[in-house]
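Novice: Mind having a look at this structure? Questions to follow.
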Amino acid sequence: MEINLISDTVTKPSQEMLKAMFSAKVGDDVFKQDPTVNAFEKMVADLFGMEAALFFPTGTMANQTAIKLNTNPGDQIICDKWSHIHLYESGGASANSGVNFNLLDGKRGMITAEQVKAGINDPEFYHTPLSKMVGIENTTNKGGGACYEIEELKKIKQVCLDHNLRYHLDGARLWNAMVAKKQHPKQFGALFDTISVCFSKGLGCPIGSVLLSDAETMHRALRIRKIFGGNMRQSGYLAAAGIYALQNNINRLEDDHRRAKELGKQLEQCLWVAKVEPVETNIIVFSVQPQIEDKQVMEQFKQKGIAISLLGKGALRIVTHLDYRQVMHDYVMETLQKMKF
Ligand SMILES: *Cc1c(COP(=O)(O)O)cnc(C)c1O
């Protein structure tokens, strides 16, 4: 049995999803003539109660477009030090938009309104970069799938309103957060200026992200997506996967979360494990006893047919997902019970 737990991006489209893709009605989306893309964008916009949405090939491109929409060169973005937009988008924010970061020392990738407020530069003091955008990540990636309370996000929104800051949500795994915290998309749509969501992670699509905002902003986004090379033609085949995922793959995220929690509990019982970070959604981050090498652990998992990943020194990561079935889970739980170093 080959069990791949390195990320929730490893899922392959199910037979049912493929069927939906094959039967999609398509057209040239660059001329806005693909009915499935148009329907998909409207569906996501309505779900969040936002005016407009645009389909992107990747979450990185959707985030990079949001940064370009929300800032001017020289401006500063305020976000957590572990943010994907800072760490894992290959320096795109500076390359594409000429912006810099004020990185806050948050908890598990999450920041507070108080921290944001303290991190704003005085706009009259023209020597320091102009603070222009706050970037929130929910769930947090490097933070191990942690998710925000709506109350804190509302407080940060107020700080943004008071200081004329744009408010962006990198919601690559927002679906997981909403299921875990029983929140609704409209609660997020009401708060943020721009939101990106991924379909190629927990929702099991082969490709695709969506950026959301008001109609005027999204009209400008069309040009930026073109500049970034993200215009696609008969992308309705991909949007059909997104529609299928919205209708079928959201509620089942609870299974991924339950299995992740069970794995976390089991790891806590293992003598060779030093610490397991709290498991809130589908990501488990853990460290092993100092006398054991991370590489050794990964190797032993590999020998049992289980692939896990290394986030950084002392942080091993397991991610549950749509293609991680109950039989596999039973096997991994059993394997963990027997593992020794
Ligand atoms: C995966 C991810 C993205 C986007 O990644 P792509 O691989 O470009 O789709 C953005 N933000 C976070 C937090 C992510 O986990």
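In the structure tokens, chains take letters A, B, ... by order of appearance, with residues numbered from 1 within each chain and ligands from 1 in the order shown.
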At a cut-off of 10 Å around ligand 1, and using only C-alpha atoms and all ligand atoms, what residues come up? Please write them as a PDB file with C-alpha atoms, in the first residue's frame.

Specialist:
```pdb
ATOM      1  CA  SER A   7       0.257  17.222   1.302  1.00  0.00           C
ATOM      2  CA  ASP A   8      -3.426  17.465   0.427  1.00  0.00           C
ATOM      3  CA  THR A   9      -2.336  18.580  -3.053  1.00  0.00           C
ATOM      4  CA  PHE A  56      -6.743  31.148 -11.657  1.00  0.00           C
ATOM      5  CA  PRO A  57      -4.441  28.228 -12.420  1.00  0.00           C
ATOM      6  CA  THR A  58      -2.723  28.471  -9.008  1.00  0.00           C
ATOM      7  CA  GLY A  59      -3.160  29.900  -5.543  1.00  0.00           C
ATOM      8  CA  THR A  60       0.193  31.624  -5.856  1.00  0.00           C
ATOM      9  CA  MET A  61      -0.994  33.540  -8.919  1.00  0.00           C
ATOM     10  CA  ALA A  62      -4.247  34.491  -7.185  1.00  0.00           C
ATOM     11  CA  ASN A  63      -2.302  35.798  -4.154  1.00  0.00           C
ATOM     12  CA  GLN A  64       0.209  37.627  -6.332  1.00  0.00           C
ATOM     13  CA  TRP A  82       5.402  32.310   8.407  1.00  0.00           C
ATOM     14  CA  SER A  83       3.046  33.569   5.674  1.00  0.00           C
ATOM     15  CA  HIS A  84       2.965  31.701   2.383  1.00  0.00           C
ATOM     16  CA  ILE A  85       2.995  35.057   0.517  1.00  0.00           C
ATOM     17  CA  HIS A  86       6.347  35.805   2.168  1.00  0.00           C
ATOM     18  CA  LEU A  87       8.031  32.390   2.454  1.00  0.00           C
ATOM     19  CA  TYR A  88       6.735  30.234  -0.364  1.00  0.00           C
ATOM     20  CA  GLU A  89       5.941  32.405  -3.380  1.00  0.00           C
ATOM     21  CA  GLY A 109       1.038  31.640  11.808  1.00  0.00           C
ATOM     22  CA  ILE A 136      -4.085  36.880   6.754  1.00  0.00           C
ATOM     23  CA  GLU A 137      -3.623  33.145   6.181  1.00  0.00           C
ATOM     24  CA  ASN A 138      -6.446  30.793   7.222  1.00  0.00           C
ATOM     25  CA  THR A 139      -5.821  27.959   7.848  1.00  0.00           C
ATOM     26  CA  THR A 140      -2.111  28.546   8.337  1.00  0.00           C
ATOM     27  CA  ASN A 141       0.194  26.323   6.331  1.00  0.00           C
ATOM     28  CA  LYS A 142       3.475  26.431   8.271  1.00  0.00           C
ATOM     29  CA  GLY A 143       1.403  27.020  11.412  1.00  0.00           C
ATOM     30  CA  GLY A 145      -3.510  24.102   9.955  1.00  0.00           C
ATOM     31  CA  LEU A 169      -7.149  36.604   2.994  1.00  0.00           C
ATOM     32  CA  ASP A 170      -4.973  33.785   1.678  1.00  0.00           C
ATOM     33  CA  GLY A 171      -7.642  31.138   2.064  1.00  0.00           C
ATOM     34  CA  ALA A 172      -5.896  28.259   0.317  1.00  0.00           C
ATOM     35  CA  ARG A 173      -7.360  26.022   3.044  1.00  0.00           C
ATOM     36  CA  LEU A 174     -10.230  28.270   4.125  1.00  0.00           C
ATOM     37  CA  SER A 196      -8.070  33.651  -2.572  1.00  0.00           C
ATOM     38  CA  VAL A 197      -9.285  30.060  -2.192  1.00  0.00           C
ATOM     39  CA  CYS A 198      -7.740  26.843  -3.551  1.00  0.00           C
ATOM     40  CA  PHE A 199      -9.600  23.935  -5.112  1.00  0.00           C
ATOM     41  CA  SER A 200      -6.539  21.729  -5.613  1.00  0.00           C
ATOM     42  CA  LYS A 201      -5.990  20.952  -1.925  1.00  0.00           C
ATOM     43  CA  ILE A 207      -5.851  22.437 -10.491  1.00  0.00           C
ATOM     44  CA  GLY A 208      -7.466  25.770  -9.752  1.00  0.00           C
ATOM     45  CA  SER A 209      -7.873  28.711  -7.401  1.00  0.00           C
TER      46      SER A 209
END
```

Novice: Just want the 6 Å neighbourhood of Phe286 (chain A), counted on only C-alpha atoms, with same-chain residues fewer than 4 positions away dropped. Output as a PDB file with C-alpha atoms, in the first residue's frame.

Specialist:
```
ATOM      1  CA  LYS A 275       5.855  17.107  20.825  1.00  0.00           C
ATOM      2  CA  VAL A 276       2.722  17.184  18.699  1.00  0.00           C
ATOM      3  CA  GLU A 277       1.338  20.615  17.804  1.00  0.00           C
ATOM      4  CA  ALA A 315       9.107  19.750  12.325  1.00  0.00           C
ATOM      5  CA  LEU A 316       7.723  16.701  10.565  1.00  0.00           C
TER       6      LEU A 316
END
```

Novice: Check the smallest atom-to-atom distance from each of A:Ala260, A:Ile150, A:Ile156, A:Met218 to Phe188 (chain A) using only C-alpha atoms, then report the winner.

Specialist: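 So, comparing all the options, the nearest one is A:Ile150.
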
Novice: Using DSSP secondary structure from the backbone, list all alpha helix (DSSP H) positions within region 143-219 of chain A, as a CSV table (one decimal) with all heavy atoms, in the first residue's frame.

Specialist:
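Output contents, as saved in part-v2.csv:
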```csv
chain,number,residue,atom,x,y,z
A,150,ILE,N,-13.5,34.3,14.2
A,150,ILE,CA,-14.0,35.4,13.4
A,150,ILE,C,-13.8,36.7,14.2
A,150,ILE,O,-13.5,37.8,13.6
A,150,ILE,CB,-15.5,35.2,13.1
A,150,ILE,CG1,-15.6,34.2,11.9
A,150,ILE,CG2,-16.2,36.5,12.7
A,150,ILE,CD1,-15.2,34.8,10.5
A,151,GLU,N,-14.0,36.6,15.5
A,151,GLU,CA,-13.9,37.9,16.3
A,151,GLU,C,-12.5,38.6,16.1
A,151,GLU,O,-12.5,39.8,16.0
A,151,GLU,CB,-14.1,37.5,17.8
A,151,GLU,CG,-15.5,37.3,18.2
A,151,GLU,CD,-16.4,38.4,17.6
A,151,GLU,OE1,-16.2,39.6,17.8
A,151,GLU,OE2,-17.4,38.0,16.9
A,152,GLU,N,-11.4,37.8,16.1
A,152,GLU,CA,-10.1,38.4,15.9
A,152,GLU,C,-10.0,39.0,14.5
A,152,GLU,O,-9.5,40.1,14.4
A,152,GLU,CB,-9.0,37.4,16.1
A,152,GLU,CG,-7.6,38.0,16.4
A,152,GLU,CD,-7.5,38.9,17.6
A,152,GLU,OE1,-8.1,38.6,18.6
A,152,GLU,OE2,-6.9,40.0,17.5
A,153,LEU,N,-10.6,38.4,13.5
A,153,LEU,CA,-10.5,38.9,12.2
A,153,LEU,C,-11.3,40.2,12.0
A,153,LEU,O,-11.0,41.1,11.3
A,153,LEU,CB,-11.0,37.8,11.2
A,153,LEU,CG,-10.2,36.6,11.1
A,153,LEU,CD1,-10.8,35.5,10.2
A,153,LEU,CD2,-8.7,36.9,10.6
A,154,LYS,N,-12.4,40.3,12.8
A,154,LYS,CA,-13.2,41.5,12.8
A,154,LYS,C,-12.4,42.6,13.5
A,154,LYS,O,-12.5,43.8,13.0
A,154,LYS,CB,-14.5,41.3,13.6
A,154,LYS,CG,-15.6,40.5,12.9
A,154,LYS,CD,-16.9,40.5,13.7
A,154,LYS,CE,-17.9,39.6,12.9
A,154,LYS,NZ,-19.0,39.3,13.8
A,155,LYS,N,-11.7,42.3,14.5
A,155,LYS,CA,-10.9,43.4,15.2
A,155,LYS,C,-9.8,43.9,14.2
A,155,LYS,O,-9.5,45.1,14.2
A,155,LYS,CB,-10.2,42.8,16.4
A,155,LYS,CG,-11.2,42.7,17.6
A,155,LYS,CD,-10.4,42.2,18.9
A,155,LYS,CE,-11.3,41.6,19.9
A,155,LYS,NZ,-10.6,40.7,20.8
A,156,ILE,N,-9.2,42.9,13.5
A,156,ILE,CA,-8.1,43.3,12.5
A,156,ILE,C,-8.8,44.2,11.4
A,156,ILE,O,-8.2,45.2,11.0
A,156,ILE,CB,-7.4,42.1,12.0
A,156,ILE,CG1,-6.7,41.3,13.1
A,156,ILE,CG2,-6.4,42.5,10.9
A,156,ILE,CD1,-6.1,40.0,12.7
A,157,LYS,N,-10.0,43.8,11.0
A,157,LYS,CA,-10.7,44.6,10.0
A,157,LYS,C,-10.9,46.0,10.4
A,157,LYS,O,-10.7,47.0,9.7
A,157,LYS,CB,-12.1,44.0,9.7
A,157,LYS,CG,-13.0,44.8,8.9
A,157,LYS,CD,-12.6,44.9,7.5
A,157,LYS,CE,-13.6,45.6,6.6
A,157,LYS,NZ,-13.2,45.6,5.2
A,158,GLN,N,-11.2,46.2,11.7
A,158,GLN,CA,-11.4,47.6,12.2
A,158,GLN,C,-10.1,48.4,12.2
A,158,GLN,O,-10.1,49.5,11.8
A,158,GLN,CB,-12.0,47.5,13.7
A,158,GLN,CG,-12.5,48.8,14.2
A,158,GLN,CD,-13.5,49.5,13.3
A,158,GLN,OE1,-14.5,48.8,12.9
A,158,GLN,NE2,-13.3,50.7,12.9
A,159,VAL,N,-9.0,47.7,12.5
A,159,VAL,CA,-7.7,48.4,12.4
A,159,VAL,C,-7.4,48.8,10.9
A,159,VAL,O,-6.9,49.9,10.7
A,159,VAL,CB,-6.6,47.4,12.9
A,159,VAL,CG1,-5.2,48.1,12.7
A,159,VAL,CG2,-6.8,47.1,14.4
A,160,CYS,N,-7.8,47.9,10.0
A,160,CYS,CA,-7.6,48.2,8.6
A,160,CYS,C,-8.4,49.4,8.2
A,160,CYS,O,-8.0,50.3,7.5
A,160,CYS,CB,-8.0,47.0,7.7
A,160,CYS,SG,-6.8,45.6,7.9
A,161,LEU,N,-9.7,49.5,8.6
A,161,LEU,CA,-10.6,50.6,8.3
A,161,LEU,C,-10.0,51.9,8.9
A,161,LEU,O,-10.0,52.9,8.2
A,161,LEU,CB,-12.0,50.3,8.9
A,161,LEU,CG,-12.8,49.3,8.1
A,161,LEU,CD1,-14.1,49.0,8.9
A,161,LEU,CD2,-13.1,49.6,6.7
A,162,ASP,N,-9.5,51.8,10.2
A,162,ASP,CA,-9.0,53.0,10.8
A,162,ASP,C,-7.8,53.6,10.2
A,162,ASP,O,-7.5,54.7,10.3
A,162,ASP,CB,-8.7,52.7,12.3
A,162,ASP,CG,-10.0,52.4,13.1
A,162,ASP,OD1,-11.1,52.7,12.6
A,162,ASP,OD2,-9.9,51.8,14.2
A,174,LEU,N,-9.1,27.7,3.4
A,174,LEU,CA,-10.2,28.3,4.1
A,174,LEU,C,-11.4,27.3,4.3
A,174,LEU,O,-12.1,27.3,5.3
A,174,LEU,CB,-10.7,29.5,3.4
A,174,LEU,CG,-11.8,30.3,4.1
A,174,LEU,CD1,-11.3,30.9,5.4
A,174,LEU,CD2,-12.3,31.5,3.2
A,175,TRP,N,-11.6,26.4,3.4
A,175,TRP,CA,-12.6,25.4,3.5
A,175,TRP,C,-12.5,24.5,4.7
A,175,TRP,O,-13.4,24.3,5.4
A,175,TRP,CB,-12.6,24.4,2.2
A,175,TRP,CG,-12.5,25.1,0.9
A,175,TRP,CD1,-11.4,25.2,0.1
A,175,TRP,CD2,-13.5,25.9,0.3
A,175,TRP,NE1,-11.7,26.0,-1.0
A,175,TRP,CE2,-13.0,26.4,-0.9
A,175,TRP,CE3,-14.8,26.2,0.6
A,175,TRP,CZ2,-13.7,27.3,-1.8
A,175,TRP,CZ3,-15.6,27.1,-0.2
A,175,TRP,CH2,-15.0,27.6,-1.4
A,176,ASN,N,-11.2,24.2,5.0
A,176,ASN,CA,-10.9,23.4,6.3
A,176,ASN,C,-11.3,24.2,7.5
A,176,ASN,O,-11.9,23.7,8.5
A,176,ASN,CB,-9.5,23.0,6.3
A,176,ASN,CG,-9.1,22.1,5.2
A,176,ASN,OD1,-8.8,22.5,4.1
A,176,ASN,ND2,-9.2,20.8,5.4
A,177,ALA,N,-10.9,25.5,7.5
A,177,ALA,CA,-11.2,26.4,8.6
A,177,ALA,C,-12.7,26.5,8.8
A,177,ALA,O,-13.2,26.4,10.0
A,177,ALA,CB,-10.6,27.8,8.4
A,178,MET,N,-13.5,26.7,7.8
A,178,MET,CA,-14.9,26.9,7.9
A,178,MET,C,-15.6,25.6,8.4
A,178,MET,O,-16.5,25.7,9.2
A,178,MET,CB,-15.5,27.3,6.5
A,178,MET,CG,-15.0,28.7,6.2
A,178,MET,SD,-15.9,29.4,4.7
A,178,MET,CE,-15.3,28.5,3.4
A,179,VAL,N,-15.1,24.5,8.0
A,179,VAL,CA,-15.7,23.2,8.5
A,179,VAL,C,-15.3,23.0,10.0
A,179,VAL,O,-16.2,22.7,10.8
A,179,VAL,CB,-15.3,22.0,7.6
A,179,VAL,CG1,-15.6,20.7,8.3
A,179,VAL,CG2,-15.9,22.1,6.2
A,180,ALA,N,-14.1,23.3,10.3
A,180,ALA,CA,-13.6,23.0,11.7
A,180,ALA,C,-14.3,24.0,12.7
A,180,ALA,O,-14.6,23.6,13.8
A,180,ALA,CB,-12.1,23.2,11.8
A,181,LYS,N,-14.5,25.3,12.2
A,181,LYS,CA,-15.0,26.3,13.2
A,181,LYS,C,-16.5,26.5,12.9
A,181,LYS,O,-17.0,27.5,13.5
A,181,LYS,CB,-14.2,27.6,13.0
A,181,LYS,CG,-12.7,27.5,13.4
A,181,LYS,CD,-12.5,28.0,14.8
A,181,LYS,CE,-11.1,28.0,15.2
A,181,LYS,NZ,-10.8,27.7,16.6
A,185,PRO,N,-19.0,31.1,4.5
A,185,PRO,CA,-18.2,31.9,3.6
A,185,PRO,C,-18.6,33.4,3.6
A,185,PRO,O,-17.7,34.3,3.5
A,185,PRO,CB,-18.5,31.3,2.2
A,185,PRO,CG,-19.0,29.9,2.5
A,185,PRO,CD,-19.5,29.9,3.9
A,186,LYS,N,-19.9,33.7,3.9
A,186,LYS,CA,-20.3,35.1,3.9
A,186,LYS,C,-19.7,35.9,5.0
A,186,LYS,O,-19.5,37.1,4.9
A,186,LYS,CB,-21.8,35.2,3.9
A,186,LYS,CG,-22.4,34.7,2.6
A,186,LYS,CD,-23.9,35.2,2.4
A,186,LYS,CE,-24.4,35.0,1.0
A,186,LYS,NZ,-24.5,33.6,0.6
A,187,GLN,N,-19.3,35.2,6.1
A,187,GLN,CA,-18.7,35.9,7.2
A,187,GLN,C,-17.3,36.4,6.8
A,187,GLN,O,-16.9,37.5,7.2
A,187,GLN,CB,-18.5,34.9,8.4
A,187,GLN,CG,-19.8,34.5,9.1
A,187,GLN,CD,-19.5,33.5,10.2
A,187,GLN,OE1,-19.3,32.4,10.0
A,187,GLN,NE2,-19.5,34.1,11.4
A,188,PHE,N,-16.7,35.7,5.9
A,188,PHE,CA,-15.3,36.1,5.4
A,188,PHE,C,-15.5,37.1,4.3
A,188,PHE,O,-14.8,38.1,4.2
A,188,PHE,CB,-14.5,34.9,4.9
A,188,PHE,CG,-14.2,34.0,6.0
A,188,PHE,CD1,-15.0,32.9,6.4
A,188,PHE,CD2,-13.0,34.2,6.8
A,188,PHE,CE1,-14.7,32.1,7.5
A,188,PHE,CE2,-12.7,33.4,7.8
A,188,PHE,CZ,-13.5,32.3,8.2
A,189,GLY,N,-16.5,36.9,3.4
A,189,GLY,CA,-16.8,37.8,2.3
A,189,GLY,C,-17.1,39.2,2.8
A,189,GLY,O,-16.8,40.2,2.2
A,215,ALA,N,-16.6,44.2,-7.8
A,215,ALA,CA,-16.6,44.2,-9.3
A,215,ALA,C,-15.5,45.0,-9.9
A,215,ALA,O,-14.8,44.6,-10.8
A,215,ALA,CB,-17.9,44.6,-9.8
A,216,GLU,N,-15.3,46.2,-9.3
A,216,GLU,CA,-14.2,47.1,-9.9
A,216,GLU,C,-12.8,46.5,-9.7
A,216,GLU,O,-12.0,46.5,-10.7
A,216,GLU,CB,-14.3,48.5,-9.2
A,216,GLU,CG,-13.5,49.6,-9.8
A,216,GLU,CD,-12.1,49.6,-9.2
A,216,GLU,OE1,-11.9,49.3,-8.0
A,216,GLU,OE2,-11.1,50.0,-9.9
A,217,THR,N,-12.6,46.0,-8.6
A,217,THR,CA,-11.2,45.4,-8.3
A,217,THR,C,-11.0,44.2,-9.2
A,217,THR,O,-10.0,44.0,-9.8
A,217,THR,CB,-11.1,45.0,-6.8
A,217,THR,OG1,-11.3,46.1,-6.0
A,217,THR,CG2,-9.8,44.4,-6.5
A,218,MET,N,-12.1,43.4,-9.4
A,218,MET,CA,-11.9,42.1,-10.2
A,218,MET,C,-11.8,42.5,-11.7
A,218,MET,O,-11.2,41.7,-12.4
A,218,MET,CB,-13.0,41.2,-9.9
A,218,MET,CG,-13.0,40.5,-8.5
A,218,MET,SD,-11.4,40.0,-7.9
A,218,MET,CE,-11.0,38.7,-9.1
A,219,HIS,N,-12.4,43.6,-12.1
A,219,HIS,CA,-12.2,44.0,-13.4
A,219,HIS,C,-10.7,44.3,-13.7
A,219,HIS,O,-10.1,44.0,-14.7
A,219,HIS,CB,-13.0,45.3,-13.7
A,219,HIS,CG,-13.0,45.7,-15.2
A,219,HIS,ND1,-13.5,44.9,-16.2
A,219,HIS,CD2,-12.4,46.8,-15.8
A,219,HIS,CE1,-13.3,45.5,-17.3
A,219,HIS,NE2,-12.6,46.7,-17.1
```

Novice: Work out how far apart CA of Asp29 (chain A) and CA of Ser213 (chain A) are and give it in Å to one decimal.

Specialist: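 Answer for the CA of Asp29 (chain A) to CA of Ser213 (chain A) separation: 19.2 Å.
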
Novice: For Lys265 (chain A), which residue among A:Leu130, A:Met21, A:Val319, A:Met333 is the nearest when counting only C-alpha atoms?

Specialist: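 Closest residue, counting only C-alpha atoms: A:Met333.
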
Novice: Just checking: using only C-alpha atoms, which residue out of A:Glu51, A:Glu268, A:Met110, A:Ala241 ends up closest to Asp214 (chain A)?

Specialist: A:Glu51

Novice: From the list A:Asn164, A:Ser94, A:Asn249, A:Ser287, which residue is nearest Lys117 (chain A) when using only C-alpha atoms?

Specialist: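 When distances to Lys117 (chain A) are compared using only C-alpha atoms, the smallest one comes from A:Asn164.
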
Novice: Nearest residue to Met232 (chain A) out of A:Ile318, A:Ala118, A:Val30, A:Ala93, using only C-alpha atoms?

Specialist: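 Looking only at the distances to Met232 (chain A), the closest residue turns out to be A:Val30.
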
Novice: Restricting the calculation to only C-alpha atoms: of A:Gly27, A:Asp330, A:Phe341, A:Ala190, which residue gets closest to Met298 (chain A)?

Specialist: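 So, comparing all the options, the nearest one is A:Phe341.
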
Novice: Identify, on the basis of only C-alpha atoms, every residue whose closest approach to region 14-18 of chain A does not exceed 10 Å; exclude the query and any residue fewer than 6 positions from it along the same chain; express the result as a list in words.

Specialist: Ala24, Gly204, Cys205, Pro206, Tyr237, Leu238, Ala240, Ala241, Gly242, Ile243, Tyr244, Ala245, Asn248, Leu322 and Asp323 of chain A

Novice: If you run DSSP on the backbone, which residues of region 84-169 of chain A are strand (DSSP E or B), as a list in words?

Specialist: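 Selecting the strand (DSSP E or B) positions of region 84-169 of chain A gives Asn100, Phe101, Asn102, Leu103, Leu104, Lys107, Met110, Ser131, Lys132, Met133, Val134, Gly135, Ile136, Glu137, Arg166, Tyr167, His168 and Leu169 of chain A.
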
Novice: Neighbouring residues of Gln266 (chain A) were defined as those with any atom within 8 Å, considering only C-alpha atoms; residues of the same chain fewer than 4 positions away were excluded. Please report them as a ChimeraX atom specification.

Specialist: /A:262,270,333,336-337

Novice: With all heavy atoms kept, could you save the residues just selected as an mmCIF file, in the first residue's frame?

Specialist:
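Below you can see out23.cif, which holds the result:
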```cif
data_model
loop_
_atom_site.group_PDB
_atom_site.id
_atom_site.type_symbol
_atom_site.label_atom_id
_atom_site.label_comp_id
_atom_site.auth_asym_id
_atom_site.auth_seq_id
_atom_site.Cartn_x
_atom_site.Cartn_y
_atom_site.Cartn_z
ATOM 1 N N GLU A 262 -6.939 11.848 15.238
ATOM 2 C CA GLU A 262 -6.599 10.504 15.717
ATOM 3 C C GLU A 262 -5.100 10.232 15.549
ATOM 4 O O GLU A 262 -4.465 9.658 16.439
ATOM 5 C CB GLU A 262 -7.434 9.453 14.974
ATOM 6 C CG GLU A 262 -8.893 9.473 15.416
ATOM 7 C CD GLU A 262 -9.828 8.625 14.545
ATOM 8 O OE1 GLU A 262 -9.340 7.940 13.610
ATOM 9 O OE2 GLU A 262 -11.053 8.659 14.800
ATOM 10 N N CYS A 270 3.484 7.858 21.310
ATOM 11 C CA CYS A 270 4.751 7.249 20.874
ATOM 12 C C CYS A 270 5.915 7.828 21.667
ATOM 13 O O CYS A 270 6.075 9.048 21.748
ATOM 14 C CB CYS A 270 4.970 7.504 19.383
ATOM 15 S SG CYS A 270 3.715 6.757 18.331
ATOM 16 N N MET A 333 -2.428 3.934 11.621
ATOM 17 C CA MET A 333 -2.587 3.926 13.084
ATOM 18 C C MET A 333 -1.895 2.707 13.688
ATOM 19 O O MET A 333 -1.182 2.806 14.693
ATOM 20 C CB MET A 333 -4.082 3.928 13.449
ATOM 21 C CG MET A 333 -4.802 5.220 13.129
ATOM 22 S SD MET A 333 -4.343 6.610 14.185
ATOM 23 C CE MET A 333 -5.279 6.234 15.648
ATOM 24 N N LEU A 336 1.916 3.043 13.461
ATOM 25 C CA LEU A 336 2.441 3.967 14.472
ATOM 26 C C LEU A 336 2.590 3.263 15.823
ATOM 27 O O LEU A 336 3.555 3.495 16.558
ATOM 28 C CB LEU A 336 1.516 5.175 14.621
ATOM 29 C CG LEU A 336 1.636 6.270 13.557
ATOM 30 C CD1 LEU A 336 0.578 7.342 13.794
ATOM 31 C CD2 LEU A 336 3.022 6.891 13.550
ATOM 32 N N GLN A 337 1.610 2.427 16.147
ATOM 33 C CA GLN A 337 1.642 1.723 17.435
ATOM 34 C C GLN A 337 2.870 0.828 17.555
ATOM 35 O O GLN A 337 3.401 0.622 18.642
ATOM 36 C CB GLN A 337 0.386 0.878 17.609
ATOM 37 C CG GLN A 337 -0.828 1.700 18.044
ATOM 38 C CD GLN A 337 -2.124 0.908 17.945
ATOM 39 O OE1 GLN A 337 -2.122 -0.316 18.002
ATOM 40 N NE2 GLN A 337 -3.221 1.628 17.793
#
```

Novice: Could you pull the residues within 8 Å of Val288 (chain A), counting only C-alpha atoms, minus those fewer than 4 positions along the same chain, as an MDAnalysis selection string?

Specialist: chainID A and resid 272:275 292:294 314

Novice: What does the file look like for those residues with N, CA and C atoms, as a PDB file, in the first residue's frame?

Specialist:
```pdb
ATOM      1  N   TRP A 272       9.000   7.909  21.016  1.00  0.00           N
ATOM      2  CA  TRP A 272      10.023   8.590  20.196  1.00  0.00           C
ATOM      3  C   TRP A 272       9.582   9.978  19.741  1.00  0.00           C
ATOM      4  N   VAL A 273       8.315  10.330  20.032  1.00  0.00           N
ATOM      5  CA  VAL A 273       7.817  11.656  19.665  1.00  0.00           C
ATOM      6  C   VAL A 273       8.016  12.615  20.834  1.00  0.00           C
ATOM      7  N   ALA A 274       8.555  13.817  20.533  1.00  0.00           N
ATOM      8  CA  ALA A 274       8.771  14.798  21.602  1.00  0.00           C
ATOM      9  C   ALA A 274       7.524  15.653  21.797  1.00  0.00           C
ATOM     10  N   LYS A 275       6.983  16.186  20.696  1.00  0.00           N
ATOM     11  CA  LYS A 275       5.855  17.107  20.825  1.00  0.00           C
ATOM     12  C   LYS A 275       4.975  17.051  19.579  1.00  0.00           C
ATOM     13  N   ILE A 292      16.998  11.225  18.040  1.00  0.00           N
ATOM     14  CA  ILE A 292      16.541  10.632  16.770  1.00  0.00           C
ATOM     15  C   ILE A 292      16.581  11.685  15.668  1.00  0.00           C
ATOM     16  N   GLU A 293      17.075  11.283  14.495  1.00  0.00           N
ATOM     17  CA  GLU A 293      17.146  12.193  13.344  1.00  0.00           C
ATOM     18  C   GLU A 293      15.811  12.207  12.593  1.00  0.00           C
ATOM     19  N   ASP A 294      15.427  13.398  12.122  1.00  0.00           N
ATOM     20  CA  ASP A 294      14.202  13.503  11.313  1.00  0.00           C
ATOM     21  C   ASP A 294      14.246  12.543  10.115  1.00  0.00           C
ATOM     22  N   GLY A 314      13.274  19.685  12.872  1.00  0.00           N
ATOM     23  CA  GLY A 314      12.462  19.480  14.070  1.00  0.00           C
ATOM     24  C   GLY A 314      10.972  19.616  13.839  1.00  0.00           C
TER      25      GLY A 314
END
```

Novice: Report, in Å to a single decimal, how far apart CA of Asp105 (chain A) and CA of Ile78 (chain A) are.

Specialist: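 Interatomic distance, CA of Ile78 (chain A) to CA of Asp105 (chain A): 10.9 Å.
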
Novice: Between CA of Lys81 (chain A) and CA of Ile195 (chain A), what is the distance in Å, rounded to a tenth?

Specialist: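 Here the two named atoms are 19.4 Å from each other.
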
Novice: Please provide the set of residues having any atom within 12 Å of Ile227 (chain A), restricted to only C-alpha atoms, with same-chain residues fewer than 4 positions apart removed, written as a PyMOL selection string.

Specialist: chain A and resi 61+64-65+68+96+220-223+231
